[in-house]
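In what follows, a single structure is set out as structure tokens and then discussed.
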Amino acid sequence: MGPQILIPISLFLMIFGIFYIIYSTRNRERLALIEKGVDASIFLKGTGTGKGAPAWKIFVVNLAFLLIGSGVGIFLALLITTYTALNDGAVYPSIIFIMAGIGLLAGFKNAKDLDKE
């Protein structure tokens with residue numbers, strides 16, 4: 001067994017170990033809370049079943065704003081490289097990342113307003 005096979009195996013074991021620790025710790029915390037007599041409704045917080053918008057709606061809104069921002073960034077980069085003498089290799093990634101960041105910021109603001117409803 002060469003070192004080429006050890007890397008995927010160790011990566012798989014690392015990911016498995018992380019998930020195992022997360023779930024076993026969460027299970028122990030829940031059992032300790034149940035033994036103390038705490039209401040089980042605290043486990044439902046943050047899953048979209050309580051007040052506010054479901055998590056999938058917030059994800060879709062953020063994804064939509066990210067894609068809109070990336071599309072506008074590509075269009076702006078095309079306009080900039082067409083009408084200026086700037087380097088294409090620098091303009092495209094920078095404008096796309098800037099507009100994607102602005103799109104994510106707008107999506108965050110919109111999701112925060114959606115969560116208040």
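In the structure tokens, chains take letters A, B, ... by order of appearance, with residues numbered from 1 within each chain and ligands from 1 in the order shown.
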
Can you list, as a ChimeraX atom specification, all residues belonging to chain A that DSSP tags as alpha helix (DSSP H)?
-> /A:3-36,55-83,88-116

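Within 9 Å of Ala53 (chain A), once only C-alpha atoms are used and residues closer than 6 positions along the same chain are dropped, the contacting residues are Ala111, Leu114, Asp115, Lys116 and Glu117 of chain A.
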
Saved selection, atoms kept: N, CA, C and O atoms, as a PDB file, in the first residue's frame:
```
ATOM      1  N   ALA A 111     -32.550  38.124   3.930  1.00  0.00           N
ATOM      2  CA  ALA A 111     -32.896  36.956   4.746  1.00  0.00           C
ATOM      3  C   ALA A 111     -33.178  37.366   6.180  1.00  0.00           C
ATOM      4  O   ALA A 111     -34.042  36.775   6.840  1.00  0.00           O
ATOM      5  N   LEU A 114     -36.593  38.614   6.091  1.00  0.00           N
ATOM      6  CA  LEU A 114     -37.493  37.477   5.914  1.00  0.00           C
ATOM      7  C   LEU A 114     -37.662  36.701   7.209  1.00  0.00           C
ATOM      8  O   LEU A 114     -38.749  36.208   7.508  1.00  0.00           O
ATOM      9  N   ASP A 115     -36.594  36.614   8.000  1.00  0.00           N
ATOM     10  CA  ASP A 115     -36.644  35.884   9.268  1.00  0.00           C
ATOM     11  C   ASP A 115     -37.477  36.622  10.312  1.00  0.00           C
ATOM     12  O   ASP A 115     -38.010  36.006  11.218  1.00  0.00           O
ATOM     13  N   LYS A 116     -37.582  37.959  10.199  1.00  0.00           N
ATOM     14  CA  LYS A 116     -38.363  38.736  11.157  1.00  0.00           C
ATOM     15  C   LYS A 116     -39.857  38.527  10.986  1.00  0.00           C
ATOM     16  O   LYS A 116     -40.629  38.696  11.907  1.00  0.00           O
ATOM     17  N   GLU A 117     -40.289  38.167   9.759  1.00  0.00           N
ATOM     18  CA  GLU A 117     -41.727  38.009   9.486  1.00  0.00           C
ATOM     19  C   GLU A 117     -42.353  36.864  10.237  1.00  0.00           C
ATOM     20  O   GLU A 117     -41.793  35.922  10.611  1.00  0.00           O
TER      21      GLU A 117
END
```

Excluding same-chain residues fewer than 3 positions from Asn110 (chain A), what lies within 10 Å of it counting only C-alpha atoms, as a ChimeraX atom specification?
-> /A:58,61-62,65,104-107,113-115

Output of the above residues as a PDB file, in the first residue's frame, restricted to N, CA and C atoms:
```pdb
ATOM      1  N   ILE A  58     -34.175  30.687   3.392  1.00  0.00           N
ATOM      2  CA  ILE A  58     -33.028  31.579   3.571  1.00  0.00           C
ATOM      3  C   ILE A  58     -31.887  31.154   2.655  1.00  0.00           C
ATOM      4  N   VAL A  61     -32.771  32.236  -0.926  1.00  0.00           N
ATOM      5  CA  VAL A  61     -32.619  33.687  -1.099  1.00  0.00           C
ATOM      6  C   VAL A  61     -31.144  34.047  -1.224  1.00  0.00           C
ATOM      7  N   ASN A  62     -30.301  33.489  -0.344  1.00  0.00           N
ATOM      8  CA  ASN A  62     -28.869  33.786  -0.421  1.00  0.00           C
ATOM      9  C   ASN A  62     -28.245  33.266  -1.708  1.00  0.00           C
ATOM     10  N   PHE A  65     -29.278  35.623  -4.613  1.00  0.00           N
ATOM     11  CA  PHE A  65     -28.512  36.872  -4.628  1.00  0.00           C
ATOM     12  C   PHE A  65     -27.057  36.628  -5.021  1.00  0.00           C
ATOM     13  N   LEU A 104     -24.132  38.558  -1.758  1.00  0.00           N
ATOM     14  CA  LEU A 104     -24.305  37.844  -0.498  1.00  0.00           C
ATOM     15  C   LEU A 104     -24.700  38.785   0.628  1.00  0.00           C
ATOM     16  N   LEU A 105     -24.143  39.984   0.628  1.00  0.00           N
ATOM     17  CA  LEU A 105     -24.517  40.968   1.638  1.00  0.00           C
ATOM     18  C   LEU A 105     -25.985  41.359   1.489  1.00  0.00           C
ATOM     19  N   ALA A 106     -26.424  41.572   0.267  1.00  0.00           N
ATOM     20  CA  ALA A 106     -27.838  41.897   0.031  1.00  0.00           C
ATOM     21  C   ALA A 106     -28.724  40.718   0.405  1.00  0.00           C
ATOM     22  N   GLY A 107     -28.291  39.504   0.105  1.00  0.00           N
ATOM     23  CA  GLY A 107     -29.052  38.325   0.482  1.00  0.00           C
ATOM     24  C   GLY A 107     -29.145  38.167   1.987  1.00  0.00           C
ATOM     25  N   ASP A 113     -34.526  40.211   7.065  1.00  0.00           N
ATOM     26  CA  ASP A 113     -35.880  40.755   7.020  1.00  0.00           C
ATOM     27  C   ASP A 113     -36.914  39.644   6.864  1.00  0.00           C
ATOM     28  N   LEU A 114     -36.593  38.614   6.091  1.00  0.00           N
ATOM     29  CA  LEU A 114     -37.493  37.477   5.914  1.00  0.00           C
ATOM     30  C   LEU A 114     -37.662  36.701   7.209  1.00  0.00           C
ATOM     31  N   ASP A 115     -36.594  36.614   8.000  1.00  0.00           N
ATOM     32  CA  ASP A 115     -36.644  35.884   9.268  1.00  0.00           C
ATOM     33  C   ASP A 115     -37.477  36.622  10.312  1.00  0.00           C
TER      34      ASP A 115
END
```

How far is it from CA of Ala64 (chain A) to CA of Gly103 (chain A), in Å with one decimal?
-> 8.5 Å

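The gap separating CA of Phe12 (chain A) from CA of Thr25 (chain A) is 19.9 Å, in Å to one decimal.
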
For Ala77 (chain A), list every protein, DNA or RNA residue within 7 Å, evaluated using only C-alpha atoms, and leave out those in the same chain fewer than 5 positions away; present the list as number ranges by chain.
-> A: 91-92, 95

Go ahead and write the residues just picked, N, CA, C and O atoms, as a PDB file, in the first residue's frame.
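The new file out37.pdb reads:
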```pdb
ATOM      1  N   VAL A  91      -9.315  41.685 -14.180  1.00  0.00           N
ATOM      2  CA  VAL A  91     -10.623  42.333 -14.057  1.00  0.00           C
ATOM      3  C   VAL A  91     -11.722  41.317 -13.771  1.00  0.00           C
ATOM      4  O   VAL A  91     -12.545  41.525 -12.873  1.00  0.00           O
ATOM      5  N   TYR A  92     -11.762  40.220 -14.507  1.00  0.00           N
ATOM      6  CA  TYR A  92     -12.862  39.257 -14.356  1.00  0.00           C
ATOM      7  C   TYR A  92     -12.971  38.697 -12.936  1.00  0.00           C
ATOM      8  O   TYR A  92     -14.038  38.781 -12.319  1.00  0.00           O
ATOM      9  N   ILE A  95     -13.921  41.647 -10.261  1.00  0.00           N
ATOM     10  CA  ILE A  95     -15.282  42.177 -10.357  1.00  0.00           C
ATOM     11  C   ILE A  95     -16.301  41.094  -9.981  1.00  0.00           C
ATOM     12  O   ILE A  95     -17.294  41.378  -9.302  1.00  0.00           O
TER      13      ILE A  95
END
```
